[in-house]
Amino acid sequence: MALLDVKDLHVAFPRGKKGEVEALRGVDLTLEKGQRLGVVGESGAGKSMLAFAILNLIADPGRVTKGSVIFDGQNLLTMSERQIRRIRGNRISMIFQDPMVTLNPVLSIGTQMIETLKAHRSISTREAHRLSVEKLNLVAIPSAESRMDSYPHELSGGLRQRVVIAIALLTDPELIIADEPTTALDVTIQAEIMSLILTLCRENDVALILITHDLGVVAEVTERLMIMYAGKCVETGRTRDIIDAPKHPYAVGLLKALPQNSTRGAKLYQIPGSMPPITNLPTGCPYHPRCERATDECRAAMPPLEHGVACFHPMHENRAHDDAEAAL
Amino acid sequence: MITWRGFLKRFLSDPVAIGAGIVLLILVVMAVLAPWVAPQNPYDLLQLNIMDSELPPSWRDGGDDRYWLGTDAQGRGVFSTILYGTGISLLIGIGAVIVQGILGVSIGLWAGYRGGWVDSFLMRLADIQMSLSTLMIAIIALALFQTAFDANIYADYAIIMLIVIIGVAEWPKFARTVRSSVLGEKNKEYVDAARVIGLPARKVMWIHILPNTLTPVLVISTIQVAEAIMTEAALSFLGLGMPVDKPSLGSLIRSGFEFIFSGSWWITLYPAIVLVALVLALNLLGDWLRDTLNPKLRRGDD
């Protein structure tokens, strides 16, 4: 049985008197134990929304309108608040983008860690303290013992994100959702933090959902990949396969847009136009206004997700491969 | 974030703050130590002698060395009664602010965090409460209490009554301040993070959000203590506050007011000076605190 099984997940926000806009429009996802999945897409594609929907933490007035999130056999969306709190932060942890703002500025690192542990385990403060120091050591924080009394503003960005990761690991979760964990960090530290997350997940057999803009990181860290566009999954499959031979024109565009895939001195490629706002989606395939392969069929109907790609005119295996080759 | 060291440095570089701090410190220390430093105990009827009534301050003609600032109509030393009265005024002021704070912070936190109809309901309630003046509510409540119960019972419970009434009447100030801070805080990511960790709403509110909203609470607390002391003094002056045998600064002023035209001005004047000094010191400190804790007004020197 899969660790996490998301089926046909819809999230909607009310708009005006009666209307609704859908931020997620039917997302499916399966994740085995210890598996690492990358979720890639432009800003506003619904990546973070997906993360929050999985934990059933969509902020008011938004709500999940349809679908199920089965974690280890239980539907997180129909659970009581009390039941789901036993899973949040305990069996599923989350790492956010900016450690500057995810740590409470007025509480010491130790307080925040001990409190997290005590929310899920009935242990003494002394024991919680010991476990917290242990995890701080695990994420290679120097002089962990004395860092327990530090406040977030006393730490550097990289250290702070290490603390956030330590907090995420505190309860030995089975799944970590990392929402752009390195975006807010210095480039020099990004690789360090990413490899730390990878190592920890591998060693402890923790599943990972890595939400990111960065296809390069995804290629290194994840086994499976999901590309999102306007609240929908447009392509999914093994990371290697997609990177080598993307089928959806959007995936092709994203890969082509990587700076390392362009010729030196040539103008960088960019996908023409921008993602439509969810309040004003075009008919049919949401990508058709930007797609060079779009036909009337695309304008009329949304292509279903078949063989890992939601497109009426996917790239041929060979053709896609050639494109990628040419780009390299 | 401001450090304690920076806070102290800022305090020591502001003469107004130092002045207000010293005045407040002296008054508080004297009030706390009243039973030991006061020349006589004005509550102990055995120590009072009606023959000593309305003596002028000791340096004036007819003054008595035992009574530095003179005596009132019951023969109590004005100096001693001021010391005890300051204590009662401070007690009521601080007590009322604690009541206001507990009520206001809880309600504001709840309203801000929950939002929606809970917020609307509680804030309309606050609007209604604020549209009724504190003095009016206090006058009605205290007048009812005084008629409903015996004057002696009233005298015993006067302090508690004043604390509760002034506390309840002024909660919206805290509630609104806290609510607006909560609205600013609750969309920050550390709140999301706390919810993701699996903490219940109660803990998210009290452990994570509340400490981040305490700066404005601290500032209005000082100003509200001054306000509560003034309200109590006004009520006492109207005869609805502290009884004559356990006078606060307000009731001292009132009891002396009746004798002002017979020439015994000292009974009113000295308590009034202390009251003004106390309230002024609190307000100046409150203003200073507001400026110091406001990052927008702070120069980059800490």
# chains A, B, ... in the order shown; residues from 1 in each chain; ligands from 1
>>> closest_atom_pairs(of="chain A", to="chain B", cutoff="7 Å", atoms="only C-alpha atoms", output="tab-separated table")
residue	atom	partner	partner_atom	distance
A:Arg85	CA	B:Gly198	CA	4.5
A:Arg86	CA	B:Gly198	CA	6.7
A:Arg88	CA	B:Gly198	CA	4.7
A:Gly89	CA	B:Ile197	CA	3.7
A:Ser93	CA	B:Ile197	CA	6.9
A:Met94	CA	B:Val196	CA	6.7
A:Val101	CA	B:Glu189	CA	5.6
A:Thr102	CA	B:Tyr190	CA	3.8
A:Leu103	CA	B:Tyr190	CA	5.3
A:Asn104	CA	B:Tyr190	CA	5.5
A:Val106	CA	B:Asn212	CA	6.6
A:Thr116	CA	B:Ile197	CA	6.5
A:Ala119	CA	B:Leu199	CA	6.4
>>> write_last_selection(atoms="N, CA and C atoms", output="mmCIF file, in the first residue's frame")
data_model
loop_
_atom_site.group_PDB
_atom_site.id
_atom_site.type_symbol
_atom_site.label_atom_id
_atom_site.label_comp_id
_atom_site.auth_asym_id
_atom_site.auth_seq_id
_atom_site.Cartn_x
_atom_site.Cartn_y
_atom_site.Cartn_z
ATOM 1 N N ARG A 85 -4.275 16.256 14.070
ATOM 2 C CA ARG A 85 -3.157 16.891 14.773
ATOM 3 C C ARG A 85 -2.113 15.862 15.190
ATOM 4 N N ARG A 86 -2.571 14.601 15.366
ATOM 5 C CA ARG A 86 -1.603 13.558 15.722
ATOM 6 C C ARG A 86 -0.718 13.204 14.550
ATOM 7 N N ARG A 88 -0.103 15.614 11.767
ATOM 8 C CA ARG A 88 0.637 16.823 11.422
ATOM 9 C C ARG A 88 1.814 17.023 12.356
ATOM 10 N N GLY A 89 2.959 17.240 11.787
ATOM 11 C CA GLY A 89 4.124 17.542 12.610
ATOM 12 C C GLY A 89 4.650 16.329 13.340
ATOM 13 N N SER A 93 5.894 15.999 8.346
ATOM 14 C CA SER A 93 6.470 17.288 8.722
ATOM 15 C C SER A 93 6.570 18.167 7.503
ATOM 16 N N MET A 94 6.731 19.443 7.754
ATOM 17 C CA MET A 94 6.845 20.340 6.626
ATOM 18 C C MET A 94 8.011 21.292 6.853
ATOM 19 N N VAL A 101 11.146 33.547 8.627
ATOM 20 C CA VAL A 101 9.787 33.800 9.097
ATOM 21 C C VAL A 101 9.065 32.564 9.619
ATOM 22 N N THR A 102 9.665 31.373 9.452
ATOM 23 C CA THR A 102 8.937 30.203 9.944
ATOM 24 C C THR A 102 9.262 29.892 11.393
ATOM 25 N N LEU A 103 10.358 30.436 11.876
ATOM 26 C CA LEU A 103 10.645 30.279 13.302
ATOM 27 C C LEU A 103 10.049 31.478 14.027
ATOM 28 N N ASN A 104 9.448 31.201 15.170
ATOM 29 C CA ASN A 104 8.857 32.297 15.930
ATOM 30 C C ASN A 104 9.960 33.193 16.493
ATOM 31 N N VAL A 106 10.185 35.366 18.802
ATOM 32 C CA VAL A 106 10.326 35.667 20.232
ATOM 33 C C VAL A 106 10.522 34.429 21.105
ATOM 34 N N THR A 116 7.326 21.304 20.305
ATOM 35 C CA THR A 116 6.890 20.408 19.228
ATOM 36 C C THR A 116 6.876 18.960 19.701
ATOM 37 N N ALA A 119 4.097 18.229 22.098
ATOM 38 C CA ALA A 119 2.768 18.178 21.495
ATOM 39 C C ALA A 119 2.441 16.771 21.015
#
>>> residues_around(residues="Ala51 of chain A", least_positions_apart="3", cutoff="10 Å", atoms="only C-alpha atoms", output="short mmCIF file (atom, residue, chain, number, x, y, z; two decimals) with C-alpha atoms, in the first residue's frame")
data_model
loop_
_atom_site.label_atom_id
_atom_site.label_comp_id
_atom_site.auth_asym_id
_atom_site.auth_seq_id
_atom_site.Cartn_x
_atom_site.Cartn_y
_atom_site.Cartn_z
CA VAL A 39 6.68 18.99 -7.65
CA GLY A 46 -0.81 25.43 -6.92
CA LYS A 47 2.29 23.71 -5.57
CA SER A 48 2.12 25.12 -2.07
CA ILE A 54 -2.46 17.34 1.99
CA LEU A 55 -2.27 18.43 5.62
CA ASN A 56 -5.86 19.71 5.45
CA LEU A 57 -4.65 23.17 6.41
CA ILE A 58 -6.16 25.27 3.63
CA MET A 94 6.84 20.34 6.63
CA ILE A 177 6.99 18.08 2.61
CA ALA A 178 9.64 20.63 1.73
CA ASP A 179 8.19 23.78 0.18
CA ILE A 209 7.72 15.81 -1.45
CA LEU A 210 10.03 18.52 -2.73
CA ILE A 211 8.28 21.57 -4.05
#
>>> select_by_dssp(residues="segment 112-264 of chain B", states="helix (DSSP H, G or I)", output="PDB file with C-alpha atoms, in the first residue's frame")
ATOM      1  CA  GLY B 112      -8.310  38.123  15.725  1.00  0.00           C
ATOM      2  CA  TYR B 113      -7.360  34.496  15.360  1.00  0.00           C
ATOM      3  CA  ARG B 114     -10.804  33.104  14.643  1.00  0.00           C
ATOM      4  CA  GLY B 116     -15.363  35.690  10.712  1.00  0.00           C
ATOM      5  CA  TRP B 117     -18.513  36.106  12.753  1.00  0.00           C
ATOM      6  CA  VAL B 118     -16.727  35.556  16.073  1.00  0.00           C
ATOM      7  CA  ASP B 119     -14.560  38.552  15.296  1.00  0.00           C
ATOM      8  CA  SER B 120     -17.468  40.698  14.119  1.00  0.00           C
ATOM      9  CA  PHE B 121     -19.528  39.843  17.169  1.00  0.00           C
ATOM     10  CA  LEU B 122     -16.790  40.511  19.712  1.00  0.00           C
ATOM     11  CA  MET B 123     -15.691  43.732  18.056  1.00  0.00           C
ATOM     12  CA  ARG B 124     -19.248  45.091  17.874  1.00  0.00           C
ATOM     13  CA  LEU B 125     -19.484  44.250  21.560  1.00  0.00           C
ATOM     14  CA  ALA B 126     -16.303  46.262  22.077  1.00  0.00           C
ATOM     15  CA  ASP B 127     -17.790  49.160  20.106  1.00  0.00           C
ATOM     16  CA  ILE B 128     -20.881  49.144  22.296  1.00  0.00           C
ATOM     17  CA  GLN B 129     -18.763  49.017  25.425  1.00  0.00           C
ATOM     18  CA  MET B 130     -16.620  51.891  24.213  1.00  0.00           C
ATOM     19  CA  SER B 131     -19.602  54.045  23.356  1.00  0.00           C
ATOM     20  CA  THR B 134     -16.286  54.268  31.805  1.00  0.00           C
ATOM     21  CA  LEU B 135     -17.325  56.864  34.347  1.00  0.00           C
ATOM     22  CA  MET B 136     -20.978  56.406  33.497  1.00  0.00           C
ATOM     23  CA  ILE B 137     -20.836  52.631  33.822  1.00  0.00           C
ATOM     24  CA  ALA B 138     -18.919  52.922  37.081  1.00  0.00           C
ATOM     25  CA  ILE B 139     -21.343  55.463  38.536  1.00  0.00           C
ATOM     26  CA  ILE B 140     -24.350  53.295  37.723  1.00  0.00           C
ATOM     27  CA  ALA B 141     -22.786  50.079  38.984  1.00  0.00           C
ATOM     28  CA  LEU B 142     -21.346  51.587  42.159  1.00  0.00           C
ATOM     29  CA  ALA B 143     -24.514  53.524  42.966  1.00  0.00           C
ATOM     30  CA  LEU B 144     -26.563  50.346  42.584  1.00  0.00           C
ATOM     31  CA  PHE B 145     -24.125  48.414  44.730  1.00  0.00           C
ATOM     32  CA  GLN B 146     -24.142  51.039  47.433  1.00  0.00           C
ATOM     33  CA  THR B 147     -27.936  51.108  47.615  1.00  0.00           C
ATOM     34  CA  ALA B 148     -28.270  47.341  47.414  1.00  0.00           C
ATOM     35  CA  ALA B 151     -22.430  50.910  53.606  1.00  0.00           C
ATOM     36  CA  ASN B 152     -20.116  48.805  55.786  1.00  0.00           C
ATOM     37  CA  ILE B 153     -20.183  45.916  53.359  1.00  0.00           C
ATOM     38  CA  TYR B 154     -19.507  48.365  50.600  1.00  0.00           C
ATOM     39  CA  ALA B 155     -16.508  49.752  52.463  1.00  0.00           C
ATOM     40  CA  ASP B 156     -15.050  46.255  52.756  1.00  0.00           C
ATOM     41  CA  TYR B 157     -15.405  45.460  49.088  1.00  0.00           C
ATOM     42  CA  ALA B 158     -14.797  48.912  47.633  1.00  0.00           C
ATOM     43  CA  ILE B 159     -11.305  48.105  46.321  1.00  0.00           C
ATOM     44  CA  ILE B 160     -12.424  44.909  44.602  1.00  0.00           C
ATOM     45  CA  MET B 161     -15.524  46.607  43.201  1.00  0.00           C
ATOM     46  CA  LEU B 162     -13.479  49.462  41.747  1.00  0.00           C
ATOM     47  CA  ILE B 163     -10.927  47.084  40.238  1.00  0.00           C
ATOM     48  CA  VAL B 164     -13.597  44.927  38.636  1.00  0.00           C
ATOM     49  CA  ILE B 165     -15.716  47.795  37.341  1.00  0.00           C
ATOM     50  CA  ILE B 166     -12.861  49.837  35.891  1.00  0.00           C
ATOM     51  CA  GLY B 167     -11.360  46.640  34.560  1.00  0.00           C
ATOM     52  CA  VAL B 168     -14.502  45.452  32.839  1.00  0.00           C
ATOM     53  CA  ALA B 169     -15.380  48.883  31.486  1.00  0.00           C
ATOM     54  CA  TRP B 171     -11.364  45.910  28.176  1.00  0.00           C
ATOM     55  CA  PRO B 172     -12.032  47.035  24.576  1.00  0.00           C
ATOM     56  CA  LYS B 173      -8.827  49.064  24.470  1.00  0.00           C
ATOM     57  CA  PHE B 174      -6.742  45.948  25.035  1.00  0.00           C
ATOM     58  CA  ALA B 175      -8.961  43.792  22.862  1.00  0.00           C
ATOM     59  CA  ARG B 176      -8.678  46.113  19.885  1.00  0.00           C
ATOM     60  CA  THR B 177      -4.937  46.545  20.243  1.00  0.00           C
ATOM     61  CA  VAL B 178      -4.318  42.829  20.538  1.00  0.00           C
ATOM     62  CA  ARG B 179      -6.736  41.987  17.759  1.00  0.00           C
ATOM     63  CA  SER B 180      -5.067  44.320  15.288  1.00  0.00           C
ATOM     64  CA  SER B 181      -1.641  42.894  16.138  1.00  0.00           C
ATOM     65  CA  VAL B 182      -2.981  39.367  15.799  1.00  0.00           C
ATOM     66  CA  LEU B 183      -4.383  40.183  12.370  1.00  0.00           C
ATOM     67  CA  GLY B 184      -0.899  41.283  11.377  1.00  0.00           C
ATOM     68  CA  GLU B 185       0.765  38.223  12.891  1.00  0.00           C
ATOM     69  CA  GLU B 189       4.596  31.776   8.230  1.00  0.00           C
ATOM     70  CA  TYR B 190       5.621  30.904  11.751  1.00  0.00           C
ATOM     71  CA  VAL B 191       1.924  30.587  12.537  1.00  0.00           C
ATOM     72  CA  ASP B 192       1.473  28.237   9.588  1.00  0.00           C
ATOM     73  CA  ALA B 193       4.512  26.379  10.802  1.00  0.00           C
ATOM     74  CA  ALA B 194       3.031  26.052  14.283  1.00  0.00           C
ATOM     75  CA  ARG B 195      -0.177  24.666  12.823  1.00  0.00           C
ATOM     76  CA  VAL B 196       1.759  22.298  10.603  1.00  0.00           C
ATOM     77  CA  ALA B 201      -5.380  26.486  18.136  1.00  0.00           C
ATOM     78  CA  ARG B 202      -5.162  27.318  21.831  1.00  0.00           C
ATOM     79  CA  LYS B 203      -1.409  26.794  21.866  1.00  0.00           C
ATOM     80  CA  VAL B 204      -0.863  28.552  18.552  1.00  0.00           C
ATOM     81  CA  MET B 205      -2.651  31.577  19.976  1.00  0.00           C
ATOM     82  CA  TRP B 206      -1.144  31.735  23.444  1.00  0.00           C
ATOM     83  CA  ILE B 207       2.364  30.440  22.880  1.00  0.00           C
ATOM     84  CA  HIS B 208       3.146  31.616  19.383  1.00  0.00           C
ATOM     85  CA  ILE B 209       1.035  34.649  18.542  1.00  0.00           C
ATOM     86  CA  LEU B 210       0.613  36.302  21.938  1.00  0.00           C
ATOM     87  CA  PRO B 211       4.313  36.951  22.673  1.00  0.00           C
ATOM     88  CA  ASN B 212       4.575  38.698  19.317  1.00  0.00           C
ATOM     89  CA  THR B 213       1.751  41.094  20.189  1.00  0.00           C
ATOM     90  CA  LEU B 214       2.940  42.072  23.652  1.00  0.00           C
ATOM     91  CA  THR B 215       4.810  45.267  22.722  1.00  0.00           C
ATOM     92  CA  PRO B 216       1.692  47.404  22.193  1.00  0.00           C
ATOM     93  CA  VAL B 217       0.067  45.719  25.175  1.00  0.00           C
ATOM     94  CA  LEU B 218       2.961  46.825  27.351  1.00  0.00           C
ATOM     95  CA  VAL B 219       2.646  50.377  26.102  1.00  0.00           C
ATOM     96  CA  ILE B 220      -1.075  50.737  26.663  1.00  0.00           C
ATOM     97  CA  SER B 221      -0.759  49.031  30.032  1.00  0.00           C
ATOM     98  CA  THR B 222       1.244  51.903  31.483  1.00  0.00           C
ATOM     99  CA  ILE B 223      -1.116  54.495  30.077  1.00  0.00           C
ATOM    100  CA  GLN B 224      -4.116  52.489  31.238  1.00  0.00           C
ATOM    101  CA  VAL B 225      -2.767  52.347  34.808  1.00  0.00           C
ATOM    102  CA  ALA B 226      -2.677  56.139  34.781  1.00  0.00           C
ATOM    103  CA  GLU B 227      -6.156  56.256  33.323  1.00  0.00           C
ATOM    104  CA  ALA B 228      -7.533  53.796  35.866  1.00  0.00           C
ATOM    105  CA  ILE B 229      -6.031  55.823  38.706  1.00  0.00           C
ATOM    106  CA  MET B 230      -7.666  58.940  37.301  1.00  0.00           C
ATOM    107  CA  THR B 231     -11.004  57.180  36.912  1.00  0.00           C
ATOM    108  CA  GLU B 232     -10.827  55.957  40.470  1.00  0.00           C
ATOM    109  CA  ALA B 233      -9.935  59.424  41.684  1.00  0.00           C
ATOM    110  CA  ALA B 234     -12.859  60.905  39.775  1.00  0.00           C
ATOM    111  CA  LEU B 235     -15.224  58.323  41.235  1.00  0.00           C
ATOM    112  CA  SER B 236     -13.898  58.908  44.731  1.00  0.00           C
ATOM    113  CA  PHE B 237     -14.273  62.621  44.205  1.00  0.00           C
ATOM    114  CA  LEU B 249      -5.780  59.914  46.629  1.00  0.00           C
ATOM    115  CA  GLY B 250      -9.141  60.759  45.056  1.00  0.00           C
ATOM    116  CA  SER B 251     -11.111  60.481  48.257  1.00  0.00           C
ATOM    117  CA  LEU B 252      -8.446  62.509  50.076  1.00  0.00           C
ATOM    118  CA  ILE B 253      -8.861  65.318  47.591  1.00  0.00           C
ATOM    119  CA  ARG B 254     -12.581  65.137  47.991  1.00  0.00           C
ATOM    120  CA  SER B 255     -12.521  65.136  51.780  1.00  0.00           C
ATOM    121  CA  GLY B 256     -10.241  68.140  51.751  1.00  0.00           C
ATOM    122  CA  PHE B 257     -12.246  69.947  49.123  1.00  0.00           C
ATOM    123  CA  ILE B 260     -10.836  74.553  51.150  1.00  0.00           C
ATOM    124  CA  PHE B 261     -12.934  77.638  51.808  1.00  0.00           C
ATOM    125  CA  SER B 262     -12.323  77.420  55.514  1.00  0.00           C
TER     126      SER B 262
END
>>> atom_distance(atom1="atom CA of Asn90 of chain A", atom2="atom CA of Arg121 of chain A")
9.1 Å
>>> atom_distance(atom1="atom CA of Thr171 of chain A", atom2="atom CA of Ile84 of chain A")
15.0 Å
>>> closest_atom_pairs(of="segment 138-219 of chain A", to="segment 247-267 of chain A", cutoff="12 Å", atoms="only C-alpha atoms", output="JSON lines")
{"residue": "A:His213", "atom": "CA", "partner": "A:Leu254", "partner_atom": "CA", "distance": 9.7}
{"residue": "A:Asp214", "atom": "CA", "partner": "A:Leu258", "partner_atom": "CA", "distance": 8.9}
{"residue": "A:Leu215", "atom": "CA", "partner": "A:Leu255", "partner_atom": "CA", "distance": 7.6}
{"residue": "A:Gly216", "atom": "CA", "partner": "A:Leu258", "partner_atom": "CA", "distance": 8.4}
{"residue": "A:Val217", "atom": "CA", "partner": "A:Leu258", "partner_atom": "CA", "distance": 11.9}
{"residue": "A:Val218", "atom": "CA", "partner": "A:Leu255", "partner_atom": "CA", "distance": 11.8}
{"residue": "A:Ala219", "atom": "CA", "partner": "A:Leu255", "partner_atom": "CA", "distance": 11.2}
>>> write_last_selection(atoms="C-alpha atoms", output="PDB file, in the first residue's frame")
ATOM      1  CA  HIS A 213      11.214  25.862  -9.158  1.00  0.00           C
ATOM      2  CA  ASP A 214      14.552  24.279  -9.681  1.00  0.00           C
ATOM      3  CA  LEU A 215      14.629  21.393 -12.132  1.00  0.00           C
ATOM      4  CA  GLY A 216      18.309  20.939 -11.477  1.00  0.00           C
ATOM      5  CA  VAL A 217      17.686  20.177  -7.797  1.00  0.00           C
ATOM      6  CA  VAL A 218      14.796  17.915  -8.672  1.00  0.00           C
ATOM      7  CA  ALA A 219      16.995  15.901 -11.022  1.00  0.00           C
TER       8      ALA A 219
END
>>> atom_distance(atom1="atom CA of Gly286 of chain B", atom2="atom CA of Val29 of chain B")
19.3 Å
>>> residues_around(residues="segment 65-75 of chain B", least_positions_apart="3", cutoff="10 Å", atoms="only C-alpha atoms", output="PyMOL selection string")
chain B and resi 39-40+42+45+47-60+62+78-82+244-245+252+255-256+258-259+264-268+270
>>> write_last_selection(atoms="N, CA and C atoms", output="short mmCIF file (atom, residue, chain, number, x, y, z; two decimals), in the first residue's frame")
data_model
loop_
_atom_site.label_atom_id
_atom_site.label_comp_id
_atom_site.auth_asym_id
_atom_site.auth_seq_id
_atom_site.Cartn_x
_atom_site.Cartn_y
_atom_site.Cartn_z
N PRO B 39 4.54 58.19 59.62
CA PRO B 39 4.63 58.55 61.04
C PRO B 39 3.47 57.98 61.86
N GLN B 40 2.32 57.81 61.25
CA GLN B 40 1.20 57.22 61.99
C GLN B 40 0.36 56.37 61.04
N PRO B 42 -3.08 55.89 59.60
CA PRO B 42 -4.34 56.62 59.55
C PRO B 42 -5.57 55.72 59.63
N LEU B 45 -7.88 53.90 64.39
CA LEU B 45 -8.61 54.99 65.01
C LEU B 45 -8.02 55.38 66.36
N GLN B 47 -5.02 55.82 67.09
CA GLN B 47 -3.90 56.76 66.96
C GLN B 47 -4.37 58.16 66.59
N LEU B 48 -5.69 58.26 66.30
CA LEU B 48 -6.18 59.56 65.86
C LEU B 48 -6.72 60.35 67.04
N ASN B 49 -6.51 61.64 67.00
CA ASN B 49 -7.04 62.50 68.03
C ASN B 49 -7.78 63.65 67.35
N ILE B 50 -9.04 63.75 67.65
CA ILE B 50 -9.86 64.74 66.96
C ILE B 50 -9.37 66.16 67.28
N MET B 51 -8.63 66.28 68.40
CA MET B 51 -8.11 67.60 68.77
C MET B 51 -7.03 68.06 67.79
N ASP B 52 -6.46 67.08 67.07
CA ASP B 52 -5.40 67.43 66.12
C ASP B 52 -5.94 67.81 64.75
N SER B 53 -7.27 67.87 64.60
CA SER B 53 -7.82 68.05 63.26
C SER B 53 -7.49 69.42 62.68
N GLU B 54 -7.34 69.41 61.38
CA GLU B 54 -7.10 70.63 60.60
C GLU B 54 -5.90 71.44 61.08
N LEU B 55 -4.84 70.74 61.46
CA LEU B 55 -3.61 71.45 61.77
C LEU B 55 -2.90 71.79 60.47
N PRO B 56 -2.34 72.95 60.35
CA PRO B 56 -1.61 73.30 59.12
C PRO B 56 -0.27 72.58 59.07
N PRO B 57 0.41 72.60 57.93
CA PRO B 57 1.73 71.99 57.82
C PRO B 57 2.67 72.52 58.90
N SER B 58 3.65 71.69 59.25
CA SER B 58 4.45 71.95 60.45
C SER B 58 5.22 73.27 60.41
N TRP B 59 5.55 73.77 59.21
CA TRP B 59 6.35 74.99 59.15
C TRP B 59 5.52 76.26 59.25
N ARG B 60 4.21 76.09 59.29
CA ARG B 60 3.36 77.28 59.37
C ARG B 60 2.92 77.52 60.82
N GLY B 62 1.03 77.49 64.07
CA GLY B 62 0.07 76.54 64.60
C GLY B 62 0.33 75.12 64.16
N VAL B 78 -1.77 64.34 57.02
CA VAL B 78 -1.95 64.31 55.57
C VAL B 78 -0.85 63.48 54.92
N PHE B 79 0.39 63.62 55.43
CA PHE B 79 1.52 62.89 54.86
C PHE B 79 1.28 61.37 54.93
N SER B 80 0.86 60.92 56.12
CA SER B 80 0.64 59.47 56.28
C SER B 80 -0.49 59.00 55.38
N THR B 81 -1.58 59.76 55.35
CA THR B 81 -2.71 59.32 54.52
C THR B 81 -2.33 59.32 53.05
N ILE B 82 -1.47 60.26 52.64
CA ILE B 82 -1.04 60.26 51.25
C ILE B 82 -0.26 58.98 50.94
N VAL B 244 -14.29 57.09 53.20
CA VAL B 244 -13.45 58.09 53.86
C VAL B 244 -12.43 57.47 54.83
N ASP B 245 -12.80 56.32 55.42
CA ASP B 245 -11.87 55.76 56.39
C ASP B 245 -10.75 54.95 55.75
N LEU B 252 -9.13 61.50 49.26
CA LEU B 252 -8.45 62.51 50.08
C LEU B 252 -8.73 63.92 49.53
N SER B 255 -12.25 64.81 50.38
CA SER B 255 -12.52 65.14 51.78
C SER B 255 -11.93 66.50 52.14
N GLY B 256 -10.83 66.85 51.45
CA GLY B 256 -10.24 68.14 51.75
C GLY B 256 -10.96 69.28 51.05
N GLU B 258 -13.95 70.01 50.88
CA GLU B 258 -15.00 70.64 51.68
C GLU B 258 -14.42 71.71 52.60
N PHE B 259 -13.12 71.61 52.85
CA PHE B 259 -12.53 72.55 53.82
C PHE B 259 -11.70 73.64 53.17
N SER B 264 -8.31 75.44 55.00
CA SER B 264 -7.45 74.25 55.14
C SER B 264 -7.12 73.69 53.76
N TRP B 265 -6.37 74.44 53.02
CA TRP B 265 -6.08 74.05 51.63
C TRP B 265 -5.15 72.86 51.52
N TRP B 266 -4.35 72.64 52.58
CA TRP B 266 -3.34 71.57 52.49
C TRP B 266 -3.95 70.18 52.39
N ILE B 267 -5.15 70.00 52.90
CA ILE B 267 -5.76 68.66 52.85
C ILE B 267 -6.00 68.24 51.41
N THR B 268 -6.34 69.21 50.56
CA THR B 268 -6.59 68.91 49.15
C THR B 268 -5.33 69.03 48.30
N TYR B 270 -1.94 68.74 48.75
CA TYR B 270 -0.84 67.78 48.69
C TYR B 270 -1.23 66.46 48.03
#
>>> decode(residues="segment 306-316 of chain A", atoms="N, CA and C atoms", output="short mmCIF file (atom, residue, chain, number, x, y, z; two decimals), in the first residue's frame")
data_model
loop_
_atom_site.label_atom_id
_atom_site.label_comp_id
_atom_site.auth_asym_id
_atom_site.auth_seq_id
_atom_site.Cartn_x
_atom_site.Cartn_y
_atom_site.Cartn_z
N GLU A 306 -3.07 10.94 -19.38
CA GLU A 306 -2.91 9.55 -19.82
C GLU A 306 -1.45 9.26 -20.05
N HIS A 307 -1.02 8.12 -19.60
CA HIS A 307 0.39 7.74 -19.71
C HIS A 307 1.29 8.83 -19.15
N GLY A 308 0.84 9.44 -18.07
CA GLY A 308 1.68 10.42 -17.40
C GLY A 308 1.74 11.78 -18.04
N VAL A 309 0.90 12.04 -19.03
CA VAL A 309 0.94 13.36 -19.61
C VAL A 309 -0.47 13.81 -20.00
N ALA A 310 -0.77 15.08 -19.72
CA ALA A 310 -2.08 15.60 -20.05
C ALA A 310 -1.96 16.50 -21.27
N CYS A 311 -1.90 15.89 -22.44
CA CYS A 311 -1.75 16.67 -23.66
C CYS A 311 -2.30 15.87 -24.83
N PHE A 312 -2.99 16.58 -25.76
CA PHE A 312 -3.49 15.90 -26.95
C PHE A 312 -2.36 15.65 -27.95
N HIS A 313 -1.38 16.50 -27.87
CA HIS A 313 -0.28 16.37 -28.83
C HIS A 313 1.06 16.31 -28.13
N PRO A 314 1.27 15.24 -27.38
CA PRO A 314 2.55 15.17 -26.66
C PRO A 314 3.71 15.02 -27.64
N MET A 315 4.86 15.42 -27.17
CA MET A 315 6.06 15.26 -27.98
C MET A 315 6.30 13.78 -28.21
N HIS A 316 6.73 13.42 -29.40
CA HIS A 316 7.11 12.02 -29.62
C HIS A 316 8.34 11.75 -28.79
#
